[in-house]
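**Q** Shown below is the structure under consideration.
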Amino acid sequence: MKFTAYTFGGQDVRIRPGRQRREWMNDTPKSFAYRCLPLSMANMHGWELVVQEPFDILWDGSSEADGVQIIPVGQEEKQDKFSMGGVDVYGWFGSGIVTFYTRAIFETPDDYNLWVTGAPNFFKAGIQPLSALVETDWMPYTFTMNWKVTRSEQRIRFEEGDPYCFFFPVPRGDVEKMDPQMRSLQEEPEMKCQHRKGKLQREFAQKVRAIKDVKDEQIENLHDIKPQGWYMKGKYPDGEKDFPDHQKTLDVSSFSDDTSIENGGR
């Protein structure tokens, strides 16, 4: 399906596919966080708009429009607006709101909205990305990405290469078509059985850690419990069948044509 970014203003807009890796995930013991496949999949599920020059944000805690100041790294002069490449950053809404105005108009296919938010599982102390749902199949204007500063009188830095926005298309109205229901697990014997086997596997690591306190005659009770890994492999907990459409990664295309949009890698 065609998904287009129309740039304007004659400046670069840096867009790249969502990246799997996160610094904090790298720093977990043996990069253990990557064993959570849903985390990695969320990280890649869309595109990032990227900061081109480093800058600091400083909020005085007030609701005034000039309460947010932008300070380019290497300078001490505070600005109410900072422009870099294809994006303007300002705090004109007040109340600690920082706005990124990107010089690109995004056009999704008919009946598709754009979910606009911060990069998944990417954090900055003292500031929180806001999320929005935009009708980009008809709107002939760019959207803004907004963040809320949560710590006043503290400089918050965006480094070059940091994502300031993450977005992906969603079919309009799908959430309203859902028929939510609550039922007892007892009504679904097959799911109950699979859940039990999965639960036992999830508890395997805790049982192994406690094994020094288990008597020899009790160890045999662990023989039918295998380490968890069925979800990563796309297998049901009993190991007897696979889910044929299971995904372990995403191959999200770059925005590429003869414009100045940067093609970002992972």
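Residue numbering restarts at 1 for every chain of the structure tokens, chains are lettered A, B, ... in their displayed order, and ligands are numbered from 1 as they appear.
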Just want the 10 Å neighbourhood of Thr117 of chain A, counted on only C-alpha atoms, with same-chain residues fewer than 2 positions away dropped. Output as a PyMOL selection string.

**A** chain A and resi 48+114-115+119-120+129-133+145-147+164-168

**Q** How would the residues just chosen look if you wrote them out with N, CA and C atoms as a tab-separated table (two decimals), in the first residue's frame?

**A**
chain	number	residue	atom	x	y	z
A	48	GLU	N	10.61	6.23	12.61
A	48	GLU	CA	11.05	7.26	13.53
A	48	GLU	C	11.39	8.54	12.78
A	114	LEU	N	-3.03	7.62	11.18
A	114	LEU	CA	-1.64	7.48	11.60
A	114	LEU	C	-1.59	7.60	13.13
A	115	TRP	N	-1.04	6.56	13.76
A	115	TRP	CA	-0.80	6.60	15.20
A	115	TRP	C	0.54	7.28	15.43
A	119	ALA	N	8.92	6.86	20.45
A	119	ALA	CA	9.48	5.55	20.10
A	119	ALA	C	9.24	4.56	21.23
A	120	PRO	N	8.73	3.36	20.94
A	120	PRO	CA	8.44	2.38	22.01
A	120	PRO	C	9.68	2.01	22.81
A	129	PRO	N	6.54	11.58	26.03
A	129	PRO	CA	5.90	11.81	24.74
A	129	PRO	C	4.38	11.68	24.85
A	130	LEU	N	3.66	12.51	24.13
A	130	LEU	CA	2.21	12.41	24.05
A	130	LEU	C	1.84	11.65	22.78
A	131	SER	N	0.69	11.02	22.78
A	131	SER	CA	0.26	10.20	21.65
A	131	SER	C	-0.95	10.84	20.98
A	132	ALA	N	-1.07	10.61	19.68
A	132	ALA	CA	-2.18	11.18	18.92
A	132	ALA	C	-2.60	10.23	17.80
A	133	LEU	N	-3.84	10.35	17.38
A	133	LEU	CA	-4.37	9.58	16.26
A	133	LEU	C	-4.84	10.59	15.21
A	145	MET	N	4.25	16.73	16.73
A	145	MET	CA	4.56	15.77	17.78
A	145	MET	C	4.82	16.54	19.06
A	146	ASN	N	4.14	16.19	20.14
A	146	ASN	CA	4.24	16.94	21.39
A	146	ASN	C	4.77	16.07	22.53
A	147	TRP	N	5.56	16.70	23.39
A	147	TRP	CA	6.07	16.08	24.60
A	147	TRP	C	5.68	16.95	25.79
A	164	TYR	N	12.37	11.62	17.92
A	164	TYR	CA	11.44	12.50	18.63
A	164	TYR	C	9.99	12.15	18.30
A	165	CYS	N	9.79	11.24	17.35
A	165	CYS	CA	8.44	10.85	16.97
A	165	CYS	C	8.49	9.45	16.37
A	166	PHE	N	7.44	8.68	16.63
A	166	PHE	CA	7.30	7.33	16.08
A	166	PHE	C	5.87	7.22	15.56
A	167	PHE	N	5.70	6.65	14.37
A	167	PHE	CA	4.36	6.60	13.79
A	167	PHE	C	4.17	5.34	12.97
A	168	PHE	N	2.89	4.92	12.84
A	168	PHE	CA	2.56	3.78	12.00
A	168	PHE	C	1.07	3.87	11.65

**Q** Which of these residues is nearest to Trp92 of chain A, using only C-alpha atoms: A:Thr249, A:Gln194, A:Gln69, A:Gln20?

**A**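 Answer, going by the shortest atom-to-atom distance: A:Gln69.
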
**Q** So, counting only C-alpha atoms, which residue among A:His195, A:Arg21, A:His45, A:Arg16 is closest to Val170 of chain A?

**A** A:His45

**Q** Could you pull out the alpha helix (DSSP H) residues of segment 75-253 of chain A, going by DSSP on the backbone, and write them as a ChimeraX atom specification?

**A** /A:174-177,189-202,204-209,216-219,230-233

**Q** Hey, can you spit out that residue selection with N, CA and C atoms as a JSON list (two decimals), in the first residue's frame?

**A**
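So the final result, stored in again35.json, reads:
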[["chain", "number", "residue", "atom", "x", "y", "z"],
["A", 174, "ASP", "N", -11.23, 0.00, 13.20],
["A", 174, "ASP", "CA", -11.09, -1.41, 13.58],
["A", 174, "ASP", "C", -11.37, -1.63, 15.06],
["A", 175, "VAL", "N", -10.92, -0.71, 15.91],
["A", 175, "VAL", "CA", -11.12, -0.90, 17.35],
["A", 175, "VAL", "C", -12.61, -0.87, 17.69],
["A", 176, "GLU", "N", -13.39, -0.14, 16.90],
["A", 176, "GLU", "CA", -14.83, -0.05, 17.16],
["A", 176, "GLU", "C", -15.58, -1.28, 16.66],
["A", 177, "LYS", "N", -14.94, -2.06, 15.80],
["A", 177, "LYS", "CA", -15.58, -3.27, 15.28],
["A", 177, "LYS", "C", -15.43, -4.46, 16.23],
["A", 189, "PRO", "N", -11.37, -25.71, 27.36],
["A", 189, "PRO", "CA", -10.43, -26.74, 27.86],
["A", 189, "PRO", "C", -9.08, -26.72, 27.16],
["A", 190, "GLU", "N", -9.07, -26.52, 25.83],
["A", 190, "GLU", "CA", -7.80, -26.53, 25.10],
["A", 190, "GLU", "C", -6.92, -25.36, 25.53],
["A", 191, "MET", "N", -7.51, -24.17, 25.62],
["A", 191, "MET", "CA", -6.74, -23.02, 26.05],
["A", 191, "MET", "C", -6.29, -23.18, 27.50],
["A", 192, "LYS", "N", -7.14, -23.75, 28.32],
["A", 192, "LYS", "CA", -6.77, -24.00, 29.72],
["A", 192, "LYS", "C", -5.56, -24.91, 29.81],
["A", 193, "CYS", "N", -5.53, -25.96, 28.99],
["A", 193, "CYS", "CA", -4.41, -26.90, 28.99],
["A", 193, "CYS", "C", -3.13, -26.22, 28.53],
["A", 194, "GLN", "N", -3.22, -25.47, 27.44],
["A", 194, "GLN", "CA", -2.04, -24.76, 26.94],
["A", 194, "GLN", "C", -1.55, -23.74, 27.95],
["A", 195, "HIS", "N", -2.48, -23.04, 28.59],
["A", 195, "HIS", "CA", -2.10, -22.05, 29.60],
["A", 195, "HIS", "C", -1.35, -22.70, 30.75],
["A", 196, "ARG", "N", -1.83, -23.88, 31.19],
["A", 196, "ARG", "CA", -1.17, -24.57, 32.29],
["A", 196, "ARG", "C", 0.25, -24.95, 31.92],
["A", 197, "LYS", "N", 0.44, -25.49, 30.73],
["A", 197, "LYS", "CA", 1.78, -25.88, 30.30],
["A", 197, "LYS", "C", 2.69, -24.65, 30.17],
["A", 198, "GLY", "N", 2.14, -23.57, 29.64],
["A", 198, "GLY", "CA", 2.93, -22.35, 29.53],
["A", 198, "GLY", "C", 3.31, -21.79, 30.89],
["A", 199, "LYS", "N", 2.39, -21.85, 31.83],
["A", 199, "LYS", "CA", 2.65, -21.36, 33.19],
["A", 199, "LYS", "C", 3.76, -22.17, 33.85],
["A", 200, "LEU", "N", 3.74, -23.49, 33.66],
["A", 200, "LEU", "CA", 4.78, -24.33, 34.24],
["A", 200, "LEU", "C", 6.15, -23.97, 33.67],
["A", 201, "GLN", "N", 6.19, -23.69, 32.38],
["A", 201, "GLN", "CA", 7.46, -23.33, 31.75],
["A", 201, "GLN", "C", 7.95, -21.98, 32.24],
["A", 202, "ARG", "N", 7.04, -21.05, 32.45],
["A", 202, "ARG", "CA", 7.43, -19.74, 32.97],
["A", 202, "ARG", "C", 8.01, -19.86, 34.38],
["A", 204, "PHE", "N", 9.79, -22.29, 35.44],
["A", 204, "PHE", "CA", 10.96, -23.17, 35.45],
["A", 204, "PHE", "C", 12.18, -22.48, 36.05],
["A", 205, "ALA", "N", 12.43, -21.24, 35.63],
["A", 205, "ALA", "CA", 13.63, -20.54, 36.10],
["A", 205, "ALA", "C", 13.60, -20.36, 37.62],
["A", 206, "GLN", "N", 12.43, -20.00, 38.15],
["A", 206, "GLN", "CA", 12.33, -19.84, 39.61],
["A", 206, "GLN", "C", 12.57, -21.15, 40.34],
["A", 207, "LYS", "N", 12.08, -22.25, 39.76],
["A", 207, "LYS", "CA", 12.28, -23.56, 40.40],
["A", 207, "LYS", "C", 13.75, -23.95, 40.40],
["A", 208, "VAL", "N", 14.43, -23.66, 39.28],
["A", 208, "VAL", "CA", 15.86, -24.00, 39.19],
["A", 208, "VAL", "C", 16.66, -23.19, 40.19],
["A", 209, "ARG", "N", 16.31, -21.89, 40.34],
["A", 209, "ARG", "CA", 17.04, -21.06, 41.30],
["A", 209, "ARG", "C", 16.87, -21.56, 42.72],
["A", 216, "ASP", "N", 16.24, -34.30, 47.23],
["A", 216, "ASP", "CA", 16.51, -35.11, 46.04],
["A", 216, "ASP", "C", 15.26, -35.77, 45.48],
["A", 217, "GLU", "N", 14.39, -36.26, 46.35],
["A", 217, "GLU", "CA", 13.21, -36.98, 45.87],
["A", 217, "GLU", "C", 12.22, -36.05, 45.17],
["A", 218, "GLN", "N", 12.38, -34.74, 45.34],
["A", 218, "GLN", "CA", 11.45, -33.79, 44.72],
["A", 218, "GLN", "C", 11.94, -33.33, 43.35],
["A", 219, "ILE", "N", 13.21, -33.55, 43.06],
["A", 219, "ILE", "CA", 13.79, -33.07, 41.82],
["A", 219, "ILE", "C", 13.11, -33.71, 40.61],
["A", 230, "TRP", "N", 8.79, -21.17, 23.89],
["A", 230, "TRP", "CA", 7.78, -21.54, 22.90],
["A", 230, "TRP", "C", 7.25, -20.31, 22.15],
["A", 231, "TYR", "N", 7.09, -19.19, 22.83],
["A", 231, "TYR", "CA", 6.56, -18.02, 22.14],
["A", 231, "TYR", "C", 7.58, -17.51, 21.12],
["A", 232, "MET", "N", 8.84, -17.45, 21.50],
["A", 232, "MET", "CA", 9.89, -17.00, 20.58],
["A", 232, "MET", "C", 9.92, -17.86, 19.32],
["A", 233, "LYS", "N", 9.65, -19.14, 19.46],
["A", 233, "LYS", "CA", 9.68, -20.07, 18.33],
["A", 233, "LYS", "C", 8.36, -20.13, 17.57]]

**Q** Interatomic distance between atom CA of Asp162 of chain A and atom CA of Val134 of chain A?

**A**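 So the answer is 22.7 Å.
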
**Q** Near segment 100-106 of chain A, within 7 Å and counting only C-alpha atoms, which residues show up once chain neighbours fewer than 5 positions away are dropped, as a PyMOL selection string?

**A** chain A and resi 4-9+13+86-90+136+140-142+144-146

**Q** Any chance you can output those residues with N, CA and C atoms as a PDB file, in the first residue's frame?

**A**
ATOM      1  N   THR A   4       2.997   7.933   1.633  1.00  0.00           N
ATOM      2  CA  THR A   4       3.837   8.993   1.077  1.00  0.00           C
ATOM      3  C   THR A   4       4.120  10.082   2.091  1.00  0.00           C
ATOM      4  N   ALA A   5       5.361  10.576   2.092  1.00  0.00           N
ATOM      5  CA  ALA A   5       5.742  11.762   2.858  1.00  0.00           C
ATOM      6  C   ALA A   5       6.091  12.870   1.866  1.00  0.00           C
ATOM      7  N   TYR A   6       5.330  13.946   1.890  1.00  0.00           N
ATOM      8  CA  TYR A   6       5.598  15.101   1.026  1.00  0.00           C
ATOM      9  C   TYR A   6       6.372  16.132   1.836  1.00  0.00           C
ATOM     10  N   THR A   7       7.618  16.366   1.475  1.00  0.00           N
ATOM     11  CA  THR A   7       8.426  17.345   2.198  1.00  0.00           C
ATOM     12  C   THR A   7       8.241  18.723   1.584  1.00  0.00           C
ATOM     13  N   PHE A   8       8.448  19.738   2.419  1.00  0.00           N
ATOM     14  CA  PHE A   8       8.358  21.116   1.926  1.00  0.00           C
ATOM     15  C   PHE A   8       9.361  21.969   2.687  1.00  0.00           C
ATOM     16  N   GLY A   9       9.653  23.129   2.164  1.00  0.00           N
ATOM     17  CA  GLY A   9      10.597  24.037   2.804  1.00  0.00           C
ATOM     18  C   GLY A   9      12.032  23.837   2.369  1.00  0.00           C
ATOM     19  N   VAL A  13      14.197  16.034   5.933  1.00  0.00           N
ATOM     20  CA  VAL A  13      13.411  15.430   7.006  1.00  0.00           C
ATOM     21  C   VAL A  13      13.960  14.025   7.198  1.00  0.00           C
ATOM     22  N   GLY A  86      14.651  19.727   8.855  1.00  0.00           N
ATOM     23  CA  GLY A  86      13.240  19.749   8.509  1.00  0.00           C
ATOM     24  C   GLY A  86      12.292  19.773   9.681  1.00  0.00           C
ATOM     25  N   VAL A  87      12.725  20.308  10.830  1.00  0.00           N
ATOM     26  CA  VAL A  87      11.825  20.347  11.985  1.00  0.00           C
ATOM     27  C   VAL A  87      12.083  21.601  12.815  1.00  0.00           C
ATOM     28  N   ASP A  88      11.011  22.179  13.339  1.00  0.00           N
ATOM     29  CA  ASP A  88      11.084  23.286  14.293  1.00  0.00           C
ATOM     30  C   ASP A  88      10.653  22.772  15.659  1.00  0.00           C
ATOM     31  N   VAL A  89      11.341  23.221  16.711  1.00  0.00           N
ATOM     32  CA  VAL A  89      11.023  22.828  18.082  1.00  0.00           C
ATOM     33  C   VAL A  89      10.689  24.092  18.868  1.00  0.00           C
ATOM     34  N   TYR A  90       9.551  24.094  19.563  1.00  0.00           N
ATOM     35  CA  TYR A  90       9.168  25.270  20.329  1.00  0.00           C
ATOM     36  C   TYR A  90       8.243  24.883  21.480  1.00  0.00           C
ATOM     37  N   THR A 136      -4.790  10.917   8.398  1.00  0.00           N
ATOM     38  CA  THR A 136      -3.817  11.338   7.385  1.00  0.00           C
ATOM     39  C   THR A 136      -4.176  10.886   5.976  1.00  0.00           C
ATOM     40  N   PRO A 140      -4.519  17.749   4.436  1.00  0.00           N
ATOM     41  CA  PRO A 140      -3.456  18.324   3.613  1.00  0.00           C
ATOM     42  C   PRO A 140      -2.511  19.211   4.419  1.00  0.00           C
ATOM     43  N   TYR A 141      -2.127  18.742   5.595  1.00  0.00           N
ATOM     44  CA  TYR A 141      -1.300  19.546   6.487  1.00  0.00           C
ATOM     45  C   TYR A 141      -0.489  18.597   7.343  1.00  0.00           C
ATOM     46  N   THR A 142       0.623  19.094   7.860  1.00  0.00           N
ATOM     47  CA  THR A 142       1.443  18.246   8.722  1.00  0.00           C
ATOM     48  C   THR A 142       0.855  18.179  10.126  1.00  0.00           C
ATOM     49  N   THR A 144       1.756  17.748  14.370  1.00  0.00           N
ATOM     50  CA  THR A 144       2.853  18.056  15.285  1.00  0.00           C
ATOM     51  C   THR A 144       3.021  16.914  16.278  1.00  0.00           C
ATOM     52  N   MET A 145       4.250  16.732  16.726  1.00  0.00           N
ATOM     53  CA  MET A 145       4.556  15.766  17.776  1.00  0.00           C
ATOM     54  C   MET A 145       4.823  16.542  19.056  1.00  0.00           C
ATOM     55  N   ASN A 146       4.136  16.190  20.139  1.00  0.00           N
ATOM     56  CA  ASN A 146       4.244  16.938  21.388  1.00  0.00           C
ATOM     57  C   ASN A 146       4.770  16.075  22.531  1.00  0.00           C
TER      58      ASN A 146
END

**Q** What is the atom CA of Thr108 of chain A to atom CA of Arg14 of chain A distance in Å?

**A**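 According to the coordinates, atom CA of Thr108 of chain A and atom CA of Arg14 of chain A are separated by 18.3 Å.
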
**Q** Please, what distance in Å, to one decimal, runs between atom CA of Met41 of chain A and atom CA of Gln128 of chain A?

**A**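 Atom-to-atom, atom CA of Met41 of chain A to atom CA of Gln128 of chain A, that is 21.4 Å.
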
**Q** Find the residue from A:Gly161, A:Gly96, A:Gly118, A:Gly91 that sits nearest to Glu53 of chain A; use only C-alpha atoms when measuring.

**A**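 Answer, going by the shortest atom-to-atom distance: A:Gly161.
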
**Q** Which residues, written as number ranges by chain, have at least one atom at most 9 Å from Pro72 of chain A, with only C-alpha atoms counted and residues fewer than 5 positions away on the same chain left out?

**A** A: 53-57, 77-79, 82

**Q** Given only C-alpha atoms as the basis, pick out the residue of A:Asp12, A:Asp111, A:Asp27, A:Glu153 nearest to Val68 of chain A.

**A**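 Smallest separation from Val68 of chain A among the options: A:Glu153.
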
**Q** Quick check for you: according to DSSP on this backbone, which residues of segment 61-198 of chain A are classed as strand (DSSP E)? Reply as number ranges by chain.

**A** A: 68-72, 81-84, 87-90, 97-102, 104-107, 112-117, 127-129, 132-134, 144-149, 156-158, 163-171

**Q** Which residues come within 8 Å of Pro109 of chain A, counting only C-alpha atoms, excluding same-chain residues fewer than 2 positions away, as a list in words?

**A**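 Near neighbours after the sequence-gap exclusion: Met1, Lys2, Phe3, Glu107, Asp111, Tyr112 and Asp137 of chain A.
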
**Q** Would you put the residues from that selection into a file with N, CA and C atoms, as a PDB file, in the first residue's frame?

**A**
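Dumped to again-v7.pdb:
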ATOM      1  N   MET A   1       0.836  -1.192   0.000  1.00  0.00           N
ATOM      2  CA  MET A   1       0.000   0.000   0.000  1.00  0.00           C
ATOM      3  C   MET A   1       0.875   1.247   0.000  1.00  0.00           C
ATOM      4  N   LYS A   2       0.453   2.259  -0.711  1.00  0.00           N
ATOM      5  CA  LYS A   2       1.247   3.475  -0.864  1.00  0.00           C
ATOM      6  C   LYS A   2       1.145   4.338   0.384  1.00  0.00           C
ATOM      7  N   PHE A   3       2.287   4.750   0.881  1.00  0.00           N
ATOM      8  CA  PHE A   3       2.385   5.607   2.062  1.00  0.00           C
ATOM      9  C   PHE A   3       3.416   6.678   1.736  1.00  0.00           C
ATOM     10  N   GLU A 107       0.714  11.025   3.885  1.00  0.00           N
ATOM     11  CA  GLU A 107      -0.532  10.581   3.266  1.00  0.00           C
ATOM     12  C   GLU A 107      -0.624   9.063   3.327  1.00  0.00           C
ATOM     13  N   ASP A 111      -8.895   5.302   4.403  1.00  0.00           N
ATOM     14  CA  ASP A 111      -9.409   4.624   5.604  1.00  0.00           C
ATOM     15  C   ASP A 111      -8.312   4.173   6.556  1.00  0.00           C
ATOM     16  N   TYR A 112      -7.134   4.804   6.462  1.00  0.00           N
ATOM     17  CA  TYR A 112      -6.057   4.544   7.405  1.00  0.00           C
ATOM     18  C   TYR A 112      -5.697   5.836   8.133  1.00  0.00           C
ATOM     19  N   ASP A 137      -5.346  10.293   5.785  1.00  0.00           N
ATOM     20  CA  ASP A 137      -5.734   9.925   4.419  1.00  0.00           C
ATOM     21  C   ASP A 137      -6.384  11.097   3.677  1.00  0.00           C
TER      22      ASP A 137
END
